[in-house]
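The file data-v6.cif comes next; it holds mmCIF, N, CA and C atoms.
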```cif
data_target
loop_
_atom_site.label_atom_id
_atom_site.label_comp_id
_atom_site.auth_asym_id
_atom_site.auth_seq_id
_atom_site.Cartn_x
_atom_site.Cartn_y
_atom_site.Cartn_z
N MET X 1 110.24 117.05 80.24
CA MET X 1 109.39 116.05 80.83
C MET X 1 108.35 115.62 79.79
N ASN X 2 108.21 114.32 79.55
CA ASN X 2 107.24 113.88 78.56
C ASN X 2 105.84 113.84 79.16
N SER X 3 104.84 113.71 78.29
CA SER X 3 103.46 113.78 78.76
C SER X 3 103.10 112.62 79.66
N ALA X 4 103.70 111.47 79.47
CA ALA X 4 103.40 110.32 80.33
C ALA X 4 103.85 110.56 81.77
N SER X 5 104.89 111.37 81.95
CA SER X 5 105.40 111.59 83.30
C SER X 5 104.45 112.43 84.15
N SER X 6 103.47 113.08 83.52
CA SER X 6 102.52 113.85 84.30
C SER X 6 101.13 113.23 84.28
N ASP X 7 100.98 112.09 83.62
CA ASP X 7 99.70 111.40 83.56
C ASP X 7 99.60 110.41 84.72
N PRO X 8 98.72 110.68 85.69
CA PRO X 8 98.62 109.80 86.86
C PRO X 8 98.31 108.35 86.49
N LYS X 9 97.44 108.14 85.51
CA LYS X 9 97.10 106.76 85.13
C LYS X 9 98.31 106.02 84.58
N ALA X 10 99.11 106.70 83.77
CA ALA X 10 100.30 106.07 83.20
C ALA X 10 101.30 105.74 84.31
N LEU X 11 101.47 106.68 85.25
CA LEU X 11 102.40 106.43 86.35
C LEU X 11 101.91 105.29 87.25
N LEU X 12 100.61 105.25 87.52
CA LEU X 12 100.08 104.16 88.35
C LEU X 12 100.20 102.82 87.65
N ASP X 13 100.12 102.81 86.32
CA ASP X 13 100.33 101.58 85.57
C ASP X 13 101.77 101.10 85.75
N ILE X 14 102.70 102.03 85.70
CA ILE X 14 104.11 101.68 85.91
C ILE X 14 104.31 101.15 87.33
N VAL X 15 103.68 101.81 88.30
CA VAL X 15 103.79 101.37 89.69
C VAL X 15 103.29 99.94 89.84
N SER X 16 102.16 99.63 89.22
CA SER X 16 101.63 98.27 89.36
C SER X 16 102.56 97.24 88.71
N ARG X 17 103.21 97.62 87.61
CA ARG X 17 104.17 96.71 86.99
C ARG X 17 105.41 96.54 87.87
N LEU X 18 105.78 97.60 88.56
CA LEU X 18 106.95 97.50 89.45
C LEU X 18 106.67 96.56 90.62
N ASP X 19 105.43 96.46 91.05
CA ASP X 19 105.09 95.52 92.11
C ASP X 19 105.47 94.10 91.69
N GLY X 20 105.16 93.75 90.44
CA GLY X 20 105.53 92.43 89.93
C GLY X 20 107.03 92.24 89.85
N VAL X 21 107.74 93.28 89.44
CA VAL X 21 109.20 93.20 89.36
C VAL X 21 109.78 92.99 90.76
N ILE X 22 109.25 93.72 91.72
CA ILE X 22 109.74 93.58 93.10
C ILE X 22 109.55 92.14 93.59
N ASP X 23 108.35 91.59 93.34
CA ASP X 23 108.07 90.21 93.76
C ASP X 23 109.02 89.22 93.09
N GLU X 24 109.26 89.40 91.79
CA GLU X 24 110.17 88.51 91.07
C GLU X 24 111.58 88.60 91.63
N LEU X 25 112.03 89.80 91.93
CA LEU X 25 113.38 89.97 92.48
C LEU X 25 113.49 89.31 93.86
N LYS X 26 112.46 89.50 94.68
CA LYS X 26 112.48 88.87 96.02
C LYS X 26 112.51 87.35 95.90
N ASP X 27 111.65 86.83 94.99
CA ASP X 27 111.61 85.37 94.81
C ASP X 27 112.92 84.82 94.26
N GLY X 28 113.64 85.64 93.52
CA GLY X 28 114.92 85.22 92.95
C GLY X 28 116.10 85.46 93.88
N GLY X 29 115.84 85.87 95.09
CA GLY X 29 116.92 86.09 96.05
C GLY X 29 117.67 87.40 95.85
N GLN X 30 117.05 88.33 95.18
CA GLN X 30 117.68 89.63 94.91
C GLN X 30 117.06 90.71 95.80
N ALA X 31 117.19 90.54 97.11
CA ALA X 31 116.54 91.43 98.06
C ALA X 31 117.01 92.88 97.90
N PHE X 32 118.31 93.09 97.70
CA PHE X 32 118.82 94.46 97.58
C PHE X 32 118.25 95.13 96.33
N SER X 33 118.25 94.41 95.22
CA SER X 33 117.68 94.97 93.99
C SER X 33 116.19 95.26 94.17
N ALA X 34 115.50 94.39 94.88
CA ALA X 34 114.08 94.60 95.15
C ALA X 34 113.88 95.88 95.96
N GLN X 35 114.78 96.14 96.90
CA GLN X 35 114.68 97.36 97.70
C GLN X 35 114.89 98.60 96.83
N LEU X 36 115.83 98.52 95.90
CA LEU X 36 116.08 99.65 95.01
C LEU X 36 114.85 99.94 94.13
N VAL X 37 114.25 98.89 93.60
CA VAL X 37 113.05 99.07 92.77
C VAL X 37 111.91 99.60 93.63
N ALA X 38 111.80 99.14 94.87
CA ALA X 38 110.76 99.62 95.78
C ALA X 38 110.94 101.12 96.05
N MET X 39 112.18 101.56 96.15
CA MET X 39 112.44 102.99 96.35
C MET X 39 112.00 103.79 95.12
N ALA X 40 112.28 103.26 93.94
CA ALA X 40 111.84 103.93 92.70
C ALA X 40 110.32 103.96 92.64
N ARG X 41 109.68 102.88 93.05
CA ARG X 41 108.22 102.82 93.09
C ARG X 41 107.66 103.90 94.02
N MET X 42 108.28 104.06 95.17
CA MET X 42 107.83 105.07 96.13
C MET X 42 107.97 106.47 95.54
N GLU X 43 109.05 106.71 94.84
CA GLU X 43 109.26 108.03 94.21
C GLU X 43 108.18 108.29 93.16
N LEU X 44 107.81 107.28 92.40
CA LEU X 44 106.73 107.44 91.43
C LEU X 44 105.41 107.74 92.12
N MET X 45 105.14 107.06 93.22
CA MET X 45 103.90 107.32 93.96
C MET X 45 103.89 108.77 94.48
N MET X 46 105.03 109.25 94.93
CA MET X 46 105.12 110.63 95.40
C MET X 46 104.90 111.60 94.24
N THR X 47 105.39 111.26 93.06
CA THR X 47 105.19 112.10 91.88
C THR X 47 103.71 112.16 91.51
N VAL X 48 103.04 111.02 91.56
CA VAL X 48 101.59 110.98 91.29
C VAL X 48 100.87 111.88 92.29
N HIS X 49 101.23 111.77 93.55
CA HIS X 49 100.60 112.58 94.59
C HIS X 49 100.82 114.07 94.34
N ARG X 50 102.05 114.45 94.02
CA ARG X 50 102.34 115.86 93.75
C ARG X 50 101.57 116.37 92.54
N ASN X 51 101.51 115.56 91.49
CA ASN X 51 100.77 115.96 90.29
C ASN X 51 99.29 116.15 90.59
N LEU X 52 98.72 115.23 91.35
CA LEU X 52 97.30 115.34 91.68
C LEU X 52 97.04 116.54 92.58
N GLU X 53 97.93 116.80 93.52
CA GLU X 53 97.79 117.97 94.38
C GLU X 53 97.84 119.25 93.56
N HIS X 54 98.74 119.29 92.59
CA HIS X 54 98.86 120.47 91.73
C HIS X 54 97.56 120.66 90.92
N GLU X 55 97.06 119.58 90.35
CA GLU X 55 95.82 119.67 89.58
C GLU X 55 94.66 120.12 90.45
N MET X 56 94.59 119.62 91.66
CA MET X 56 93.52 120.03 92.58
C MET X 56 93.66 121.51 92.94
N GLY X 57 94.87 121.98 93.10
CA GLY X 57 95.09 123.40 93.39
C GLY X 57 94.64 124.28 92.25
N VAL X 58 94.92 123.85 91.03
CA VAL X 58 94.49 124.62 89.86
C VAL X 58 92.97 124.66 89.80
N LEU X 59 92.33 123.51 90.00
CA LEU X 59 90.86 123.47 89.99
C LEU X 59 90.28 124.33 91.10
N ARG X 60 90.90 124.25 92.29
CA ARG X 60 90.42 125.04 93.42
C ARG X 60 90.49 126.52 93.11
N SER X 61 91.59 126.95 92.51
CA SER X 61 91.73 128.37 92.21
C SER X 61 90.74 128.81 91.13
N LEU X 62 90.44 127.93 90.19
CA LEU X 62 89.43 128.24 89.18
C LEU X 62 88.06 128.43 89.82
N PHE X 63 87.70 127.51 90.72
CA PHE X 63 86.41 127.61 91.38
C PHE X 63 86.34 128.85 92.28
N GLU X 64 87.42 129.12 92.99
CA GLU X 64 87.44 130.29 93.87
C GLU X 64 87.32 131.56 93.03
N GLY X 65 87.97 131.60 91.88
CA GLY X 65 87.88 132.76 90.99
C GLY X 65 86.47 132.94 90.47
N ASN X 66 85.81 131.85 90.14
CA ASN X 66 84.41 131.93 89.68
C ASN X 66 83.49 132.37 90.79
N ASP X 67 83.72 131.90 92.01
CA ASP X 67 82.89 132.32 93.15
C ASP X 67 83.02 133.81 93.39
N GLN X 68 84.24 134.35 93.27
CA GLN X 68 84.45 135.78 93.50
C GLN X 68 83.73 136.60 92.42
N ARG X 69 83.75 136.13 91.20
CA ARG X 69 83.06 136.84 90.12
C ARG X 69 81.55 136.81 90.32
N LEU X 70 81.03 135.72 90.84
CA LEU X 70 79.59 135.61 91.05
C LEU X 70 79.14 136.52 92.19
N LEU X 71 80.02 136.73 93.18
CA LEU X 71 79.67 137.57 94.32
C LEU X 71 79.77 139.05 94.00
N SER X 72 80.51 139.39 92.95
CA SER X 72 80.70 140.80 92.60
C SER X 72 79.50 141.38 91.91
#
```
Structure translated into C-alpha cells:
Amino acid sequence: MNSASSDPKALLDIVSRLDGVIDELKDGGQAFSAQLVAMARMELMMTVHRNLEHEMGVLRSLFEGNDQRLLS
C-alpha cells in the first residue's frame, strides 16, 4: 500500500475529482459507467473513514495510557 492510500487528504482529493468524472459521464449519457465510478467513490470514502477511525483509536489508546500513568 503506498503512502497516498492512507492519507485522508489525498483520498478526499481523489473523491472530489471523481465527482466531476461522475457528472461528465452522466452528462454524456453514460449512466452505467457513472454508477461504477460512484461505487468506487463510495469505497474510497469508506477507506477514508476506516483510516480516520484507526488513527483516532491509536490516539485514544495513547491518551488512555498516559492517563493511567498519571494516576499511578
Q.
Set the distance at 7 Å and use all atoms listed in the file: which residues neighbour Ala34 of chain X once local chain neighbours fewer than 5 positions away are removed? I'd like the list as a ChimeraX atom specification.
A. /X:21-23,25-26,39
Please dump the current selection as a JSON list (two decimals), in the coordinates of the input; keep N, CA and C atoms.
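Saved to result12.json:
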```json
[["chain", "number", "residue", "atom", "x", "y", "z"],
["X", 21, "VAL", "N", 107.74, 93.28, 89.44],
["X", 21, "VAL", "CA", 109.20, 93.20, 89.36],
["X", 21, "VAL", "C", 109.78, 92.99, 90.76],
["X", 22, "ILE", "N", 109.25, 93.72, 91.72],
["X", 22, "ILE", "CA", 109.74, 93.58, 93.10],
["X", 22, "ILE", "C", 109.55, 92.14, 93.59],
["X", 23, "ASP", "N", 108.35, 91.59, 93.34],
["X", 23, "ASP", "CA", 108.07, 90.21, 93.76],
["X", 23, "ASP", "C", 109.02, 89.22, 93.09],
["X", 25, "LEU", "N", 112.03, 89.80, 91.93],
["X", 25, "LEU", "CA", 113.38, 89.97, 92.48],
["X", 25, "LEU", "C", 113.49, 89.31, 93.86],
["X", 26, "LYS", "N", 112.46, 89.50, 94.68],
["X", 26, "LYS", "CA", 112.48, 88.87, 96.02],
["X", 26, "LYS", "C", 112.51, 87.35, 95.90],
["X", 39, "MET", "N", 112.18, 101.56, 96.15],
["X", 39, "MET", "CA", 112.44, 102.99, 96.35],
["X", 39, "MET", "C", 112.00, 103.79, 95.12]]
```
Q. Looking at X:Gly65, X:Val15, X:Val58, X:Asp27, which one is nearest to Met42 of chain X, with distances taken over all atoms listed in the file?
A.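 Checking each of X:Gly65, X:Val15, X:Val58, X:Asp27 against Met42 of chain X, counting all atoms listed in the file, the winner is X:Val15.
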**Q.** Point-to-point distance from atom CA of Met46 of chain X to atom N of Gly29 of chain X, Å rounded to tenths
**A.**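 It comes out at 27.0 Å.
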Q) Got a sec to tell me which of chain X DSSP assigns to alpha helix (DSSP H), as a PyMOL selection string? A) chain X and resi 8-27+31-71
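Between atom CA of Ile14 of chain X and atom CA of Met56 of chain X lies a distance of 22.2 Å.
Here atom CA of Ala38 of chain X is placed at a distance of 22.5 Å from atom CA of Glu53 of chain X.
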Q.
Show me the residues around (108.0, 102.3, 87.8) - criterion: an atom at most 12 Å away, only C-alpha atoms counted - as a list in words.
A.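 Within the cut-off we find Ala4, Ser5, Ala10, Leu11, Leu12, Asp13, Ile14, Val15, Ser16, Arg17, Leu18, Asp19, Gly20, Val21, Ile22, Leu36, Val37, Ala38, Met39, Ala40, Arg41, Met42, Glu43, Leu44, Met45, Met46, Thr47 and Val48 of chain X.
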Working from the structure I just supplied, which lacks atoms in segment 30-45 of chain X, can you model N, CA, C and O atoms there and output them as a PDB file, in the coordinates of the input?
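Generated file (rebuild_16.pdb):
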```
ATOM      1  N   GLN X  30     117.050  88.330  95.180  1.00  0.00           N
ATOM      2  CA  GLN X  30     117.680  89.630  94.910  1.00  0.00           C
ATOM      3  C   GLN X  30     117.060  90.710  95.800  1.00  0.00           C
ATOM      4  O   GLN X  30     116.490  91.682  95.321  1.00  0.00           O
ATOM      5  N   ALA X  31     117.190  90.540  97.110  1.00  0.00           N
ATOM      6  CA  ALA X  31     116.540  91.430  98.060  1.00  0.00           C
ATOM      7  C   ALA X  31     117.010  92.880  97.900  1.00  0.00           C
ATOM      8  O   ALA X  31     116.199  93.815  97.974  1.00  0.00           O
ATOM      9  N   PHE X  32     118.310  93.090  97.700  1.00  0.00           N
ATOM     10  CA  PHE X  32     118.820  94.460  97.580  1.00  0.00           C
ATOM     11  C   PHE X  32     118.250  95.130  96.330  1.00  0.00           C
ATOM     12  O   PHE X  32     117.812  96.283  96.382  1.00  0.00           O
ATOM     13  N   SER X  33     118.250  94.410  95.220  1.00  0.00           N
ATOM     14  CA  SER X  33     117.680  94.970  93.990  1.00  0.00           C
ATOM     15  C   SER X  33     116.190  95.260  94.170  1.00  0.00           C
ATOM     16  O   SER X  33     115.689  96.273  93.673  1.00  0.00           O
ATOM     17  N   ALA X  34     115.500  94.390  94.880  1.00  0.00           N
ATOM     18  CA  ALA X  34     114.080  94.600  95.150  1.00  0.00           C
ATOM     19  C   ALA X  34     113.880  95.880  95.960  1.00  0.00           C
ATOM     20  O   ALA X  34     112.932  96.639  95.709  1.00  0.00           O
ATOM     21  N   GLN X  35     114.780  96.140  96.900  1.00  0.00           N
ATOM     22  CA  GLN X  35     114.680  97.360  97.700  1.00  0.00           C
ATOM     23  C   GLN X  35     114.890  98.600  96.830  1.00  0.00           C
ATOM     24  O   GLN X  35     114.208  99.608  97.011  1.00  0.00           O
ATOM     25  N   LEU X  36     115.830  98.520  95.900  1.00  0.00           N
ATOM     26  CA  LEU X  36     116.080  99.650  95.010  1.00  0.00           C
ATOM     27  C   LEU X  36     114.850  99.940  94.130  1.00  0.00           C
ATOM     28  O   LEU X  36     114.458 101.095  93.955  1.00  0.00           O
ATOM     29  N   VAL X  37     114.250  98.890  93.600  1.00  0.00           N
ATOM     30  CA  VAL X  37     113.050  99.070  92.770  1.00  0.00           C
ATOM     31  C   VAL X  37     111.910  99.600  93.630  1.00  0.00           C
ATOM     32  O   VAL X  37     111.127 100.452  93.193  1.00  0.00           O
ATOM     33  N   ALA X  38     111.800  99.140  94.870  1.00  0.00           N
ATOM     34  CA  ALA X  38     110.760  99.620  95.780  1.00  0.00           C
ATOM     35  C   ALA X  38     110.940 101.120  96.050  1.00  0.00           C
ATOM     36  O   ALA X  38     109.951 101.860  96.160  1.00  0.00           O
ATOM     37  N   MET X  39     112.180 101.560  96.150  1.00  0.00           N
ATOM     38  CA  MET X  39     112.440 102.990  96.350  1.00  0.00           C
ATOM     39  C   MET X  39     112.000 103.790  95.120  1.00  0.00           C
ATOM     40  O   MET X  39     111.419 104.868  95.253  1.00  0.00           O
ATOM     41  N   ALA X  40     112.280 103.260  93.940  1.00  0.00           N
ATOM     42  CA  ALA X  40     111.840 103.930  92.700  1.00  0.00           C
ATOM     43  C   ALA X  40     110.320 103.960  92.640  1.00  0.00           C
ATOM     44  O   ALA X  40     109.726 104.968  92.234  1.00  0.00           O
ATOM     45  N   ARG X  41     109.680 102.880  93.050  1.00  0.00           N
ATOM     46  CA  ARG X  41     108.220 102.820  93.090  1.00  0.00           C
ATOM     47  C   ARG X  41     107.660 103.900  94.020  1.00  0.00           C
ATOM     48  O   ARG X  41     106.696 104.580  93.694  1.00  0.00           O
ATOM     49  N   MET X  42     108.280 104.060  95.170  1.00  0.00           N
ATOM     50  CA  MET X  42     107.830 105.070  96.130  1.00  0.00           C
ATOM     51  C   MET X  42     107.970 106.470  95.540  1.00  0.00           C
ATOM     52  O   MET X  42     107.090 107.315  95.704  1.00  0.00           O
ATOM     53  N   GLU X  43     109.050 106.710  94.840  1.00  0.00           N
ATOM     54  CA  GLU X  43     109.260 108.030  94.210  1.00  0.00           C
ATOM     55  C   GLU X  43     108.180 108.290  93.160  1.00  0.00           C
ATOM     56  O   GLU X  43     107.667 109.408  93.061  1.00  0.00           O
ATOM     57  N   LEU X  44     107.810 107.280  92.400  1.00  0.00           N
ATOM     58  CA  LEU X  44     106.730 107.440  91.430  1.00  0.00           C
ATOM     59  C   LEU X  44     105.410 107.740  92.120  1.00  0.00           C
ATOM     60  O   LEU X  44     104.635 108.580  91.652  1.00  0.00           O
ATOM     61  N   MET X  45     105.140 107.060  93.220  1.00  0.00           N
ATOM     62  CA  MET X  45     103.900 107.320  93.960  1.00  0.00           C
ATOM     63  C   MET X  45     103.890 108.770  94.480  1.00  0.00           C
ATOM     64  O   MET X  45     102.859 109.436  94.454  1.00  0.00           O
TER      65      MET X  45
END
```
